[in-house]
>>> print(open('query.txt').read())   # compact mmCIF, C-alpha atoms
# COMPACT_ATOMS: atom_id res chain seq x y z
CA MET A 911 0.00 0.00 0.00
CA ARG A 912 1.39 3.36 -1.02
CA GLN A 913 1.73 5.79 1.89
CA ALA A 914 0.12 9.17 1.28
CA THR A 915 2.39 12.20 1.19
CA TYR A 916 0.56 13.89 4.06
CA PHE A 917 1.44 10.96 6.36
CA THR A 918 5.19 11.32 6.51
CA VAL A 919 5.81 10.08 10.08
CA PRO A 920 5.74 6.27 10.53
CA LEU A 921 4.40 4.88 13.79
CA ASN A 922 7.41 2.89 15.00
CA THR A 923 5.74 1.23 17.92
CA ARG A 924 5.67 -2.27 19.31
CA VAL A 925 2.71 -3.44 21.38
CA PRO A 926 2.21 -6.69 23.33
CA GLY A 927 1.90 -9.63 20.96
CA THR A 928 3.86 -8.11 18.07
CA PRO A 929 7.53 -9.05 17.56
CA GLU A 930 8.61 -6.03 15.50
CA PRO A 931 7.86 -2.28 15.29
CA ARG A 932 5.00 -1.35 13.02
CA THR A 933 4.49 1.54 10.68
CA VAL A 934 1.11 3.23 10.53
CA SER A 935 0.37 1.86 7.06
CA TYR A 936 1.26 -1.75 7.96
CA SER A 937 -0.62 -1.64 11.26
CA ALA A 938 -3.77 -0.30 9.62
CA LEU A 939 -3.70 -3.23 7.19
CA CYS A 940 -3.75 -5.67 10.13
CA CYS A 941 -7.38 -4.80 10.91
CA THR A 942 -9.69 -7.66 9.89
CA ARG A 943 -12.85 -5.67 10.77
CA CYS A 944 -13.91 -8.42 13.16
CA ASN A 945 -15.78 -5.99 15.46
CA ALA A 946 -14.19 -7.33 18.67
CA CYS A 947 -12.99 -3.85 19.66
CA VAL A 948 -16.28 -2.02 19.23
CA GLN A 949 -18.00 -2.93 22.50
CA SER A 950 -14.87 -2.04 24.49
CA CYS A 951 -14.77 1.54 23.19
CA PRO A 952 -16.30 4.13 25.53
CA SER A 953 -16.83 6.71 22.79
CA TYR A 954 -18.76 4.19 20.66
CA LEU A 955 -20.86 3.09 23.64
CA LEU A 956 -21.81 6.73 24.17
CA GLN A 957 -22.23 7.75 20.49
CA ARG A 958 -23.40 4.47 18.88
CA GLU A 959 -21.99 5.45 15.49
CA GLU A 960 -19.49 3.36 13.52
CA ILE A 961 -17.16 6.28 12.81
CA PHE A 962 -16.66 6.70 16.58
CA SER A 963 -15.59 3.07 17.02
CA PRO A 964 -11.96 1.83 16.82
CA ARG A 965 -12.83 -0.12 13.67
CA GLY A 966 -14.30 2.99 12.08
CA ARG A 967 -11.23 5.04 12.98
CA VAL A 968 -8.85 2.45 11.50
CA GLN A 969 -10.88 2.33 8.29
CA LEU A 970 -10.85 6.12 8.08
CA LEU A 971 -7.08 6.01 8.48
CA ARG A 972 -6.77 3.40 5.70
CA LEU A 973 -8.87 5.49 3.32
CA LEU A 974 -6.65 8.51 3.97
CA LEU A 975 -3.45 6.50 3.57
CA GLU A 976 -4.65 4.96 0.31
CA GLU A 977 -5.79 8.42 -0.87
CA LYS A 978 -9.28 7.13 -1.52
CA ILE A 979 -10.55 10.21 0.28
CA LYS A 980 -8.93 13.62 0.72
CA PRO A 981 -8.71 15.26 4.14
CA ALA A 982 -9.97 18.71 3.16
CA PRO A 983 -13.65 17.94 2.40
CA HIS A 984 -13.94 15.80 5.55
CA THR A 985 -12.01 17.93 8.03
CA LYS A 986 -14.97 18.40 10.38
CA LEU A 987 -15.78 14.68 10.53
CA ILE A 988 -12.12 13.70 11.03
CA LYS A 989 -11.78 16.24 13.81
CA GLN A 990 -14.92 14.96 15.55
CA THR A 991 -13.63 11.38 15.30
CA LEU A 992 -10.24 12.26 16.72
CA ARG A 993 -11.73 14.38 19.48
CA ALA A 994 -14.04 11.56 20.61
CA CYS A 995 -11.17 9.11 21.13
CA THR A 996 -10.14 9.02 24.83
CA LEU A 997 -6.87 7.18 23.96
CA CYS A 998 -7.73 4.58 26.62
CA ALA A 999 -6.35 1.66 24.52
CA ARG A 1000 -9.16 -0.70 25.57
CA CYS A 1001 -9.55 -1.52 21.86
CA THR A 1002 -5.93 -2.71 21.69
CA GLN A 1003 -6.55 -4.93 24.71
CA THR A 1004 -9.39 -6.77 22.95
CA CYS A 1005 -7.91 -6.76 19.43
CA ALA A 1006 -6.48 -10.10 18.20
CA GLY A 1007 -3.95 -8.16 16.12
CA GLN A 1008 -3.11 -5.78 19.00
CA ILE A 1009 -3.57 -2.74 16.73
CA PRO A 1010 -2.47 0.40 18.63
CA VAL A 1011 -5.39 2.60 17.57
CA ALA A 1012 -4.64 5.26 20.20
CA HIS A 1013 -1.15 5.79 18.75
CA HIS A 1014 -2.63 5.96 15.26
CA MET A 1015 -4.98 8.71 16.36
CA ILE A 1016 -2.06 10.72 17.79
CA VAL A 1017 -0.14 10.40 14.52
CA LEU A 1018 -3.23 11.45 12.59
CA ARG A 1019 -3.67 14.48 14.84
CA ARG A 1020 -0.11 15.57 14.16
CA GLN A 1021 -0.36 15.02 10.42
CA MET A 1022 -3.65 16.92 10.20
CA GLN A 1023 -2.17 19.62 12.49
CA PHE A 1024 -5.15 19.55 14.84
CA HIS A 1025 -4.57 21.22 18.21
CA PHE A 1026 -7.10 19.83 20.67
CA LEU A 1027 -5.89 21.58 23.79
CA PRO A 1028 -7.31 25.07 24.39
CA VAL A 1029 -4.88 27.91 23.73
CA THR A 1030 -4.84 28.95 27.40
CA LEU A 1031 -4.04 25.39 28.50
CA ARG A 1032 -1.19 25.15 25.98
CA ALA A 1033 0.13 28.44 27.33
CA ALA A 1034 -0.03 27.10 30.91
CA HIS A 1035 1.87 23.98 29.88
CA TYR A 1036 4.51 26.14 28.18
CA LEU A 1037 4.92 28.23 31.34
CA ARG A 1038 5.34 25.11 33.46
CA ALA A 1039 8.00 23.73 31.12
CA GLN A 1040 9.95 26.96 30.55
CA PHE A 1041 9.31 29.05 33.68
CA PRO A 1042 8.43 26.63 36.50
CA ALA A 1043 8.95 29.17 39.33
CA PHE A 1044 6.59 31.67 37.67
CA PHE A 1045 4.07 28.87 37.01
CA ASP A 1046 4.18 27.87 40.69
CA LEU A 1047 3.53 31.48 41.68
CA LEU A 1048 0.52 31.83 39.36
CA LEU A 1049 -0.93 28.49 40.40
CA GLY A 1050 -0.48 29.29 44.09
CA ALA A 1051 -2.28 32.58 43.62
CA GLY A 1052 -5.11 30.85 41.76
CA LEU A 1053 -5.55 28.23 44.48
CA LEU A 1054 -5.60 30.98 47.13
CA LEU A 1055 -8.33 32.87 45.25
CA ARG A 1056 -10.23 29.62 44.94
CA ARG A 1057 -9.99 28.91 48.67
CA VAL A 1058 -11.44 32.30 49.60
CA GLY A 1059 -14.28 31.89 47.10
CA LEU A 1060 -13.35 34.49 44.47
CA ILE A 1061 -12.93 31.87 41.73
CA THR A 1062 -16.53 30.77 42.28
CA LEU A 1063 -17.71 34.32 41.64
CA LEU A 1064 -15.54 34.68 38.53
CA GLN A 1065 -15.91 31.16 37.10
CA PHE A 1066 -18.18 32.23 34.25
CA PHE A 1067 -15.31 34.35 32.89
CA LEU A 1068 -12.82 31.46 33.05
CA PRO A 1069 -11.92 29.09 30.18
CA THR A 1070 -13.93 25.87 30.06
CA TRP A 1071 -11.02 23.68 31.17
CA LEU A 1072 -10.41 25.87 34.23
CA ARG A 1073 -14.08 25.66 35.22
CA HIS A 1074 -13.84 21.90 34.93
CA ALA A 1075 -10.73 21.84 37.13
CA HIS A 1076 -12.51 24.03 39.68
CA LYS A 1077 -15.33 21.46 39.95
CA VAL A 1078 -13.02 18.45 40.22
CA LEU A 1079 -10.23 19.60 42.54
CA PRO A 1080 -10.71 19.34 46.31
CA HIS A 1081 -11.44 22.59 48.14
CA ARG A 1082 -8.12 22.48 49.97
CA CYS A 1083 -5.18 21.34 47.85
CA LEU A 1084 -2.05 20.06 49.56
CA SER A 1085 1.11 20.63 47.52
CA LEU A 1086 4.09 18.30 47.48
CA LYS A 1087 6.38 21.00 48.87
CA THR A 1088 4.09 21.45 51.88
CA VAL A 1089 4.01 17.72 52.61
CA LEU A 1090 7.79 17.34 52.29
CA LYS A 1091 8.37 20.25 54.65
CA LYS A 1092 5.80 19.05 57.19
CA HIS A 1093 7.23 15.53 57.39
CA GLY A 1094 10.89 16.45 57.08
CA ILE A 1095 11.47 14.66 53.78
CA SER A 1096 14.37 15.98 51.71
CA ALA A 1097 13.55 16.59 48.06
CA THR A 1098 17.17 16.18 46.95
CA ASP A 1099 19.85 13.65 47.79
CA GLN A 1100 23.26 13.34 46.16
CA ASN A 1101 23.35 9.57 46.80
CA PRO A 1102 19.70 8.55 46.57
CA ASP A 1103 18.37 5.01 46.82
CA ALA A 1104 15.58 5.91 44.37
CA LEU A 1105 14.48 8.62 41.94
CA TYR A 1106 10.86 9.71 42.26
CA LEU A 1107 8.96 11.27 39.36
CA PRO A 1108 5.68 12.63 40.79
CA SER A 1109 2.71 13.37 38.58
CA LEU A 1110 1.61 16.97 38.14
CA GLU A 1111 -1.47 16.32 40.29
CA VAL A 1112 0.69 15.09 43.18
CA GLN A 1113 3.04 18.07 42.90
CA TYR A 1114 0.28 20.63 43.24
CA PHE A 1115 -2.97 19.10 44.52
CA ASP A 1116 -2.40 15.98 46.66
CA GLY A 1117 1.13 15.71 47.98
CA ASN A 1118 0.20 13.01 50.49
CA ILE A 1119 0.25 10.48 47.65
CA ALA A 1120 3.99 11.08 47.36
CA ARG A 1121 4.54 10.41 51.07
CA TYR A 1122 2.56 7.16 50.98
CA THR A 1123 4.30 6.07 47.77
CA LEU A 1124 7.75 6.63 49.24
CA LYS A 1125 6.74 4.79 52.41
CA ALA A 1126 5.34 1.79 50.54
CA THR A 1127 8.41 1.55 48.30
CA HIS A 1128 10.81 1.89 51.28
CA ALA A 1129 12.66 4.81 49.66
CA GLU A 1130 14.58 6.42 52.55
CA ARG A 1131 16.81 8.70 50.47
CA PRO A 1132 14.76 9.76 47.46
CA HIS A 1133 15.72 12.35 44.90
CA ILE A 1134 12.44 13.91 43.78
CA LEU A 1135 12.35 15.08 40.17
CA GLN A 1136 10.11 18.14 40.43
CA HIS A 1137 9.36 20.14 37.28
CA THR A 1138 10.54 17.15 35.22
CA SER A 1139 8.45 15.88 32.33
CA SER A 1140 8.21 12.24 31.28
CA GLY A 1141 7.34 13.34 27.74
CA LEU A 1142 3.86 11.80 27.88
CA PHE A 1143 1.97 15.09 27.64
CA GLU A 1144 4.21 16.20 24.76
CA TYR A 1145 3.69 12.87 22.99
CA MET A 1146 -0.09 13.16 23.23
CA TYR A 1147 -0.54 16.86 22.51
CA GLY A 1148 2.79 18.16 21.20
CA SER A 1149 5.39 17.21 18.65
CA GLN A 1150 7.49 14.06 18.41
CA VAL A 1151 10.63 16.21 18.56
CA THR A 1152 9.63 17.84 21.86
CA CYS A 1153 8.64 14.47 23.30
CA LEU A 1154 12.02 12.92 22.43
CA LYS A 1155 13.81 15.93 23.86
CA GLN A 1156 12.07 15.48 27.23
CA ALA A 1157 12.61 11.71 27.15
CA LYS A 1158 16.33 12.13 26.51
CA LYS A 1159 16.58 14.62 29.36
CA LEU A 1160 14.98 12.16 31.79
CA LEU A 1161 17.18 9.33 30.52
CA ARG A 1162 20.33 11.37 31.12
CA THR A 1163 19.17 12.25 34.65
CA TRP A 1164 18.60 8.57 35.46
CA GLU A 1165 22.01 7.62 34.03
CA LYS A 1166 23.66 10.34 36.11
CA TYR A 1167 22.47 8.65 39.32
CA SER A 1168 23.01 5.11 38.01
CA THR A 1169 26.76 5.17 37.51
CA ALA A 1170 27.46 2.55 40.22
CA LYS A 1171 24.33 0.45 39.65
CA PRO A 1172 20.88 0.96 38.10
CA ILE A 1173 18.69 2.96 40.46
CA ALA A 1174 14.91 2.53 40.68
CA LEU A 1175 12.72 5.27 39.24
CA LEU A 1176 9.36 5.47 41.03
CA THR A 1177 6.17 7.08 39.81
CA ASP A 1178 2.66 7.35 41.25
CA SER A 1179 0.81 7.56 37.92
CA ILE A 1180 -0.19 4.47 35.94
CA GLU A 1181 -0.17 6.41 32.67
CA ILE A 1182 3.34 7.73 33.29
CA TYR A 1183 4.45 4.25 34.42
CA SER A 1184 3.17 2.62 31.21
CA PHE A 1185 4.73 5.35 29.08
CA LEU A 1186 8.14 5.03 30.77
CA LYS A 1187 8.02 1.24 30.43
CA ASN A 1188 7.56 1.74 26.69
CA TYR A 1189 10.40 4.25 26.30
CA PRO A 1190 12.31 1.89 23.95
CA LEU A 1191 9.46 2.24 21.45
CA LEU A 1192 10.06 5.99 21.26
CA PHE A 1193 13.62 5.34 20.10
CA ALA A 1194 12.85 2.46 17.71
CA THR A 1195 14.75 4.23 14.90
CA LEU A 1196 17.67 5.29 17.13
CA PRO A 1197 19.55 2.08 18.10
CA GLY A 1198 21.92 3.75 20.55
CA TRP A 1199 19.18 5.54 22.47
CA LYS A 1200 16.94 2.48 22.26
CA LYS A 1201 19.53 0.37 24.08
CA ARG A 1202 19.82 3.00 26.81
CA ALA A 1203 16.02 3.21 27.05
CA GLU A 1204 15.74 -0.57 27.48
CA ALA A 1205 18.03 -0.43 30.53
CA PHE A 1206 16.02 2.52 31.84
CA ALA A 1207 12.66 0.78 31.39
CA GLN A 1208 13.83 -2.11 33.57
CA SER A 1209 14.29 0.30 36.48
CA VAL A 1210 10.81 1.89 36.35
CA LYS A 1211 8.60 0.95 39.31
CA PHE A 1212 4.98 1.59 40.26
CA ILE A 1213 3.62 1.44 43.79
CA THR A 1214 2.02 -1.97 43.12
CA ASP A 1215 5.51 -3.40 42.47
CA PHE A 1216 5.94 -3.38 46.25
CA SER A 1217 4.04 -5.34 48.88
CA PHE A 1218 1.68 -3.76 51.38
CA ALA A 1219 1.87 -4.87 55.01
CA ASP A 1220 -1.12 -6.54 56.63
CA GLY A 1221 -3.48 -3.79 57.73
CA LYS A 1222 -5.40 -3.64 60.99
CA THR A 1223 -8.35 -1.72 59.64
CA ASP A 1224 -11.82 -3.24 59.63
CA THR A 1225 -13.07 -3.70 56.06
CA SER A 1226 -16.27 -5.56 56.97
CA GLY A 1227 -19.32 -4.04 55.38
CA ARG A 1228 -17.25 -2.21 52.76
CA ARG A 1229 -17.07 -3.10 49.08
CA ALA A 1230 -14.04 -2.17 47.00
CA ALA A 1231 -13.40 -1.84 43.28
CA LEU A 1232 -10.43 -0.95 41.11
CA ASP A 1233 -10.38 1.73 38.44
CA ASP A 1234 -7.48 1.10 36.05
CA SER A 1235 -8.09 4.05 33.72
CA THR A 1236 -5.02 4.85 31.63
CA VAL A 1237 -4.01 6.10 28.19
CA LEU A 1238 -2.14 4.79 25.14
CA TYR A 1239 -1.41 1.32 26.52
CA PRO A 1240 -3.82 -1.34 27.80
CA PRO A 1241 -3.95 -1.96 31.58
CA THR A 1242 -0.62 -3.51 32.52
CA ASP A 1243 0.64 -6.05 35.02
CA ALA A 1244 0.56 -3.19 37.55
CA ALA A 1245 -3.25 -3.27 37.37
CA GLU A 1246 -3.29 -7.01 38.01
CA ARG A 1247 -1.02 -6.62 41.02
CA ALA A 1248 -3.32 -3.88 42.37
CA ARG A 1249 -6.28 -6.20 41.97
CA LYS A 1250 -4.51 -8.92 43.97
CA ILE A 1251 -3.61 -6.43 46.73
CA LEU A 1252 -7.24 -5.34 47.05
CA LEU A 1253 -8.44 -8.94 46.97
CA ALA A 1254 -6.10 -9.80 49.84
CA LYS A 1255 -7.42 -6.86 51.86
CA PHE A 1256 -11.14 -6.99 51.10
CA GLY A 1257 -11.62 -10.67 50.27
CA SER A 1258 -15.09 -11.46 48.97
CA ASN A 1259 -16.02 -7.76 49.22
CA MET A 1260 -13.67 -6.96 46.34
CA ILE A 1261 -15.59 -6.53 43.09
CA GLN A 1262 -13.77 -9.01 40.84
CA CYS A 1263 -14.57 -7.48 37.48
CA THR A 1264 -13.74 -4.14 35.93
CA TYR A 1265 -16.81 -2.41 37.31
CA SER A 1266 -17.01 0.26 34.62
CA ARG A 1267 -16.94 0.09 30.86
CA PHE A 1268 -16.01 3.77 30.78
CA PRO A 1269 -12.35 4.51 31.65
CA VAL A 1270 -11.98 8.08 32.86
CA PRO A 1271 -10.13 10.47 30.50
CA VAL A 1272 -6.69 11.02 32.03
CA ALA A 1273 -3.36 12.67 31.14
CA GLY A 1274 -5.00 15.94 30.10
CA GLY A 1275 -7.93 14.30 28.31
CA ALA A 1276 -10.48 15.64 30.78
CA PHE A 1277 -9.15 19.18 30.23
CA ALA A 1278 -9.21 18.79 26.47
CA TYR A 1279 -12.77 17.41 26.40
CA PRO A 1280 -14.55 18.49 29.62
CA ALA A 1281 -18.08 17.75 28.35
CA GLN A 1282 -17.14 14.24 27.28
CA ALA A 1283 -15.24 13.67 30.53
CA ARG A 1284 -18.31 14.60 32.58
CA LYS A 1285 -20.45 12.20 30.55
CA VAL A 1286 -17.97 9.36 31.07
CA VAL A 1287 -17.65 9.98 34.82
CA ARG A 1288 -21.45 10.01 35.20
CA GLU A 1289 -21.49 6.51 33.71
CA VAL A 1290 -18.79 5.44 36.18
CA ALA A 1291 -20.87 6.87 39.05
CA ARG A 1292 -23.88 4.83 37.91
CA ASP A 1293 -21.79 1.66 38.01
CA VAL A 1294 -20.62 2.56 41.52
CA VAL A 1295 -24.22 2.94 42.68
CA GLN A 1296 -25.29 -0.27 40.93
CA HIS A 1297 -22.61 -2.32 42.71
CA GLN A 1298 -22.94 -0.37 46.00
CA VAL A 1299 -19.17 0.20 46.04
CA THR A 1300 -17.83 2.18 49.00
CA ASP A 1301 -14.08 2.25 48.23
CA ILE A 1302 -12.83 2.95 44.70
CA TYR A 1303 -9.07 2.69 44.34
CA CYS A 1304 -7.55 4.30 41.26
CA LEU A 1305 -4.21 3.83 39.55
CA SER A 1306 -4.44 7.26 37.93
CA VAL A 1307 -4.30 10.33 40.18
CA TRP A 1308 -6.56 12.37 37.94
CA ALA A 1309 -9.09 9.53 37.67
CA ALA A 1310 -9.27 9.50 41.47
CA LEU A 1311 -10.04 13.24 41.51
CA GLU A 1312 -12.66 12.94 38.75
CA ILE A 1313 -14.46 9.98 40.32
CA SER A 1314 -14.27 11.50 43.79
CA ALA A 1315 -15.99 14.66 42.52
CA ALA A 1316 -18.69 12.58 40.81
CA THR A 1317 -19.39 10.37 43.82
CA ARG A 1318 -19.69 13.42 46.10
CA ARG A 1319 -22.55 14.51 43.91
CA TYR A 1320 -24.25 11.23 42.98
CA TYR A 1321 -23.32 8.79 45.76
CA PRO A 1322 -21.73 10.41 48.85
CA ALA A 1323 -21.35 7.01 50.59
CA ALA A 1324 -18.49 6.12 48.20
CA THR A 1325 -14.95 7.46 48.25
CA ALA A 1326 -12.43 7.40 45.41
CA LYS A 1327 -8.73 7.60 46.15
CA HIS A 1328 -5.36 6.69 44.72
CA ILE A 1329 -4.01 3.20 45.40
CA ALA A 1330 -1.21 4.76 47.50
CA TYR A 1331 -3.77 5.59 50.19
CA LEU A 1332 -3.85 1.90 51.11
CA GLN A 1333 -0.50 2.58 52.75
CA ALA A 1334 -2.17 5.05 55.12
CA ASP A 1335 -3.93 2.12 56.79
CA TYR A 1336 -0.60 0.70 57.91
CA GLU A 1337 0.89 3.72 59.63
>>> encode(input="query.txt", output="structure tokens")
Amino acid sequence: MRQATYFTVPLNTRVPGTPEPRTVSYSALCCTRCNACVQSCPSYLLQREEIFSPRGRVQLLRLLLEEKIKPAPHTKLIKQTLRACTLCARCTQTCAGQIPVAHHMIVLRRQMQFHFLPVTLRAAHYLRAQFPAFFDLLLGAGLLLRRVGLITLLQFFLPTWLRHAHKVLPHRCLSLKTVLKKHGISATDQNPDALYLPSLEVQYFDGNIARYTLKATHAERPHILQHTSSGLFEYMYGSQVTCLKQAKKLLRTWEKYSTAKPIALLTDSIEIYSFLKNYPLLFATLPGWKKRAEAFAQSVKFITDFSFADGKTDTSGRRAALDDSTVLYPPTDAAERARKILLAKFGSNMIQCTYSRFPVPVAGGAFAYPAQARKVVREVARDVVQHQVTDIYCLSVWAALEISAATRRYYPAATAKHIAYLQADYE
């Protein structure tokens, strides 16, 4: 199949079940149109239209690649299709050919030069990357105004994504710096026993997750990588060049502290964990960097890689469930380990299935598509009510915030929190 001139960037990615990297054109040809992916797609379950299903998206991609249709007359439809995709990778999980549809959609976005993030959000991300101290100052001022109630009065003048954040975030946010200072944890160590890459949400909104993560992973001398990007956000919403630049920077930092022996790199976010584990795929065309990335990926750890002590808390009368919402890659072995941890703690009160068909938009997805995110979270809340779940443990920090906000409104008896909060029971 001849590759169209407006698709110049191949998708050099390898997913579970495939021995070699795939290009976009070859991967699209692997689709047999069997329909196995359709019922796993949250956007299709909400829209009920073929073009919003993974199969429909792959066929649209094939038509564009084969130049059977031109982009220009169908720009609106293509944009709607791309916007509806939550990049949750549930389709890849159910696909016999393991077609990475989420990655295809990102490549298509870049090639069509669609910018899905609002201009103000892109500007905020630029400030955080280039002027972190100034970004911290602005964010601190915004949170202070929010605490005293001024943001509520002015919310109708705010961008849509900021109004969504205002509804989701807890009233009192606890920053990572505050938690470190309160508990006497040093953020830097010249001879650390672990590197810790906190998610943005942990840095600014729920720093306790960092404390519980470090405690569970037994990191006594951590070096915390604040204002350091994994490259995930850039991969999803920026350019490949910027993403590789951030990835190389993180790789060099890890190598700097791993001169004597490889040092563990911890993260509290399942989406960042999956992305770091797949770093070698970013450098598929750069053999030297790929080899370095393979060594790096072996050192990446998530909180479920470590055992939790036997708790003394009473879980009788409580029902627990696991939310494994993520992006780009299907739920990993980390999700299975989390499920086993909850089963050991809650026993028969642990809901054994994935209780929701609607993974929460994470990694900026909720900010990019607030209306769709609210619709998805409402469906999650209905599942929580149906199963009478009281404790929802999330692998994604943002998913925990989204579900927590929804349950406060629809089912106050339930609480949603990050998996690291299990460690709080053992203090």
>>> residues_around(input="query.txt", residues="segment 1238-1251 of chain A", least_positions_apart="5", cutoff="6 Å", atoms="only C-alpha atoms", output="MDAnalysis selection string")
chainID A and resid 997:1000 1003 1012 1214
>>> write_last_selection(input="query.txt", atoms="C-alpha atoms", output="PDB file, keeping the file's coordinate frame")
ATOM      1  CA  LEU A 997      -6.870   7.180  23.960  1.00  0.00           C
ATOM      2  CA  CYS A 998      -7.730   4.580  26.620  1.00  0.00           C
ATOM      3  CA  ALA A 999      -6.350   1.660  24.520  1.00  0.00           C
ATOM      4  CA  ARG A1000      -9.160  -0.700  25.570  1.00  0.00           C
ATOM      5  CA  GLN A1003      -6.550  -4.930  24.710  1.00  0.00           C
ATOM      6  CA  ALA A1012      -4.640   5.260  20.200  1.00  0.00           C
ATOM      7  CA  THR A1214       2.020  -1.970  43.120  1.00  0.00           C
TER       8      THR A1214
END
>>> residues_around(input="query.txt", residues="segment 1051-1054 of chain A", least_positions_apart="3", cutoff="12 Å", atoms="only C-alpha atoms", output="list in words")
Phe1044, Phe1045, Asp1046, Leu1047, Leu1048, Arg1057, Val1058, Gly1059, Leu1060, Ile1061, Thr1062, Leu1064, Gln1065, Leu1068, Leu1072, Ala1075, His1076, Leu1079, Pro1080, His1081, Arg1082, Cys1083, Leu1084, Ser1085, Tyr1114 and Phe1115 of chain A
>>> write_last_selection(input="query.txt", atoms="C-alpha atoms", output="PDB file, keeping the file's coordinate frame")
ATOM      1  CA  PHE A1044       6.590  31.670  37.670  1.00  0.00           C
ATOM      2  CA  PHE A1045       4.070  28.870  37.010  1.00  0.00           C
ATOM      3  CA  ASP A1046       4.180  27.870  40.690  1.00  0.00           C
ATOM      4  CA  LEU A1047       3.530  31.480  41.680  1.00  0.00           C
ATOM      5  CA  LEU A1048       0.520  31.830  39.360  1.00  0.00           C
ATOM      6  CA  ARG A1057      -9.990  28.910  48.670  1.00  0.00           C
ATOM      7  CA  VAL A1058     -11.440  32.300  49.600  1.00  0.00           C
ATOM      8  CA  GLY A1059     -14.280  31.890  47.100  1.00  0.00           C
ATOM      9  CA  LEU A1060     -13.350  34.490  44.470  1.00  0.00           C
ATOM     10  CA  ILE A1061     -12.930  31.870  41.730  1.00  0.00           C
ATOM     11  CA  THR A1062     -16.530  30.770  42.280  1.00  0.00           C
ATOM     12  CA  LEU A1064     -15.540  34.680  38.530  1.00  0.00           C
ATOM     13  CA  GLN A1065     -15.910  31.160  37.100  1.00  0.00           C
ATOM     14  CA  LEU A1068     -12.820  31.460  33.050  1.00  0.00           C
ATOM     15  CA  LEU A1072     -10.410  25.870  34.230  1.00  0.00           C
ATOM     16  CA  ALA A1075     -10.730  21.840  37.130  1.00  0.00           C
ATOM     17  CA  HIS A1076     -12.510  24.030  39.680  1.00  0.00           C
ATOM     18  CA  LEU A1079     -10.230  19.600  42.540  1.00  0.00           C
ATOM     19  CA  PRO A1080     -10.710  19.340  46.310  1.00  0.00           C
ATOM     20  CA  HIS A1081     -11.440  22.590  48.140  1.00  0.00           C
ATOM     21  CA  ARG A1082      -8.120  22.480  49.970  1.00  0.00           C
ATOM     22  CA  CYS A1083      -5.180  21.340  47.850  1.00  0.00           C
ATOM     23  CA  LEU A1084      -2.050  20.060  49.560  1.00  0.00           C
ATOM     24  CA  SER A1085       1.110  20.630  47.520  1.00  0.00           C
ATOM     25  CA  TYR A1114       0.280  20.630  43.240  1.00  0.00           C
ATOM     26  CA  PHE A1115      -2.970  19.100  44.520  1.00  0.00           C
TER      27      PHE A1115
END
>>> atom_distance(input="query.txt", atom1="atom CA of Pro1132 of chain A", atom2="atom CA of Asn1101 of chain A")
8.6 Å
>>> atom_distance(input="query.txt", atom1="atom CA of Ala1170 of chain A", atom2="atom CA of Asp1103 of chain A")
11.5 Å
>>> atom_distance(input="query.txt", atom1="atom CA of Glu1312 of chain A", atom2="atom CA of Ala994 of chain A")
18.2 Å
>>> residues_near_point(input="query.txt", point="(-23.1, 6.6, 36.5)", cutoff="12 Å", atoms="all atoms listed in the file", output="JSON, numbers by chain")
{"A": [1265, 1266, 1267, 1268, 1269, 1270, 1284, 1285, 1286, 1287, 1288, 1289, 1290, 1291, 1292, 1293, 1294, 1295, 1296, 1297, 1298, 1313, 1316, 1317, 1319, 1320, 1321]}
>>> residues_near_point(input="query.txt", point="(-9.0, 4.6, 43.4)", cutoff="8 Å", atoms="all atoms listed in the file", output="ChimeraX atom specification")
/A:1231-1233,1301-1306,1309-1310,1326-1329
>>> write_last_selection(input="query.txt", atoms="C-alpha atoms", output="PDB file, in the frame of the given file")
ATOM      1  CA  ALA A1231     -13.400  -1.840  43.280  1.00  0.00           C
ATOM      2  CA  LEU A1232     -10.430  -0.950  41.110  1.00  0.00           C
ATOM      3  CA  ASP A1233     -10.380   1.730  38.440  1.00  0.00           C
ATOM      4  CA  ASP A1301     -14.080   2.250  48.230  1.00  0.00           C
ATOM      5  CA  ILE A1302     -12.830   2.950  44.700  1.00  0.00           C
ATOM      6  CA  TYR A1303      -9.070   2.690  44.340  1.00  0.00           C
ATOM      7  CA  CYS A1304      -7.550   4.300  41.260  1.00  0.00           C
ATOM      8  CA  LEU A1305      -4.210   3.830  39.550  1.00  0.00           C
ATOM      9  CA  SER A1306      -4.440   7.260  37.930  1.00  0.00           C
ATOM     10  CA  ALA A1309      -9.090   9.530  37.670  1.00  0.00           C
ATOM     11  CA  ALA A1310      -9.270   9.500  41.470  1.00  0.00           C
ATOM     12  CA  ALA A1326     -12.430   7.400  45.410  1.00  0.00           C
ATOM     13  CA  LYS A1327      -8.730   7.600  46.150  1.00  0.00           C
ATOM     14  CA  HIS A1328      -5.360   6.690  44.720  1.00  0.00           C
ATOM     15  CA  ILE A1329      -4.010   3.200  45.400  1.00  0.00           C
TER      16      ILE A1329
END
>>> closest_residue(input="query.txt", among="A:Leu1192, A:Leu1332, A:Ala1043, A:Leu1186", to="Phe1256 of chain A", atoms="only C-alpha atoms")
A:Leu1332
>>> closest_residue(input="query.txt", among="A:Lys1211, A:Arg943, A:Arg1038, A:His1128", to="Lys1187 of chain A", atoms="all atoms listed in the file")
A:Lys1211
>>> closest_residue(input="query.txt", among="A:Ile1134, A:Arg1121, A:Ser937, A:Cys1005", to="Gln949 of chain A", atoms="only C-alpha atoms")
A:Cys1005
>>> closest_residue(input="query.txt", among="A:Thr1002, A:Ser1140, A:Thr933, A:Ser1149", to="Arg965 of chain A", atoms="all atoms listed in the file")
A:Thr1002
>>> closest_residue(input="query.txt", among="A:Gln1333, A:Leu1031, A:Cys947, A:Ala938", to="Met1015 of chain A", atoms="only C-alpha atoms")
A:Ala938
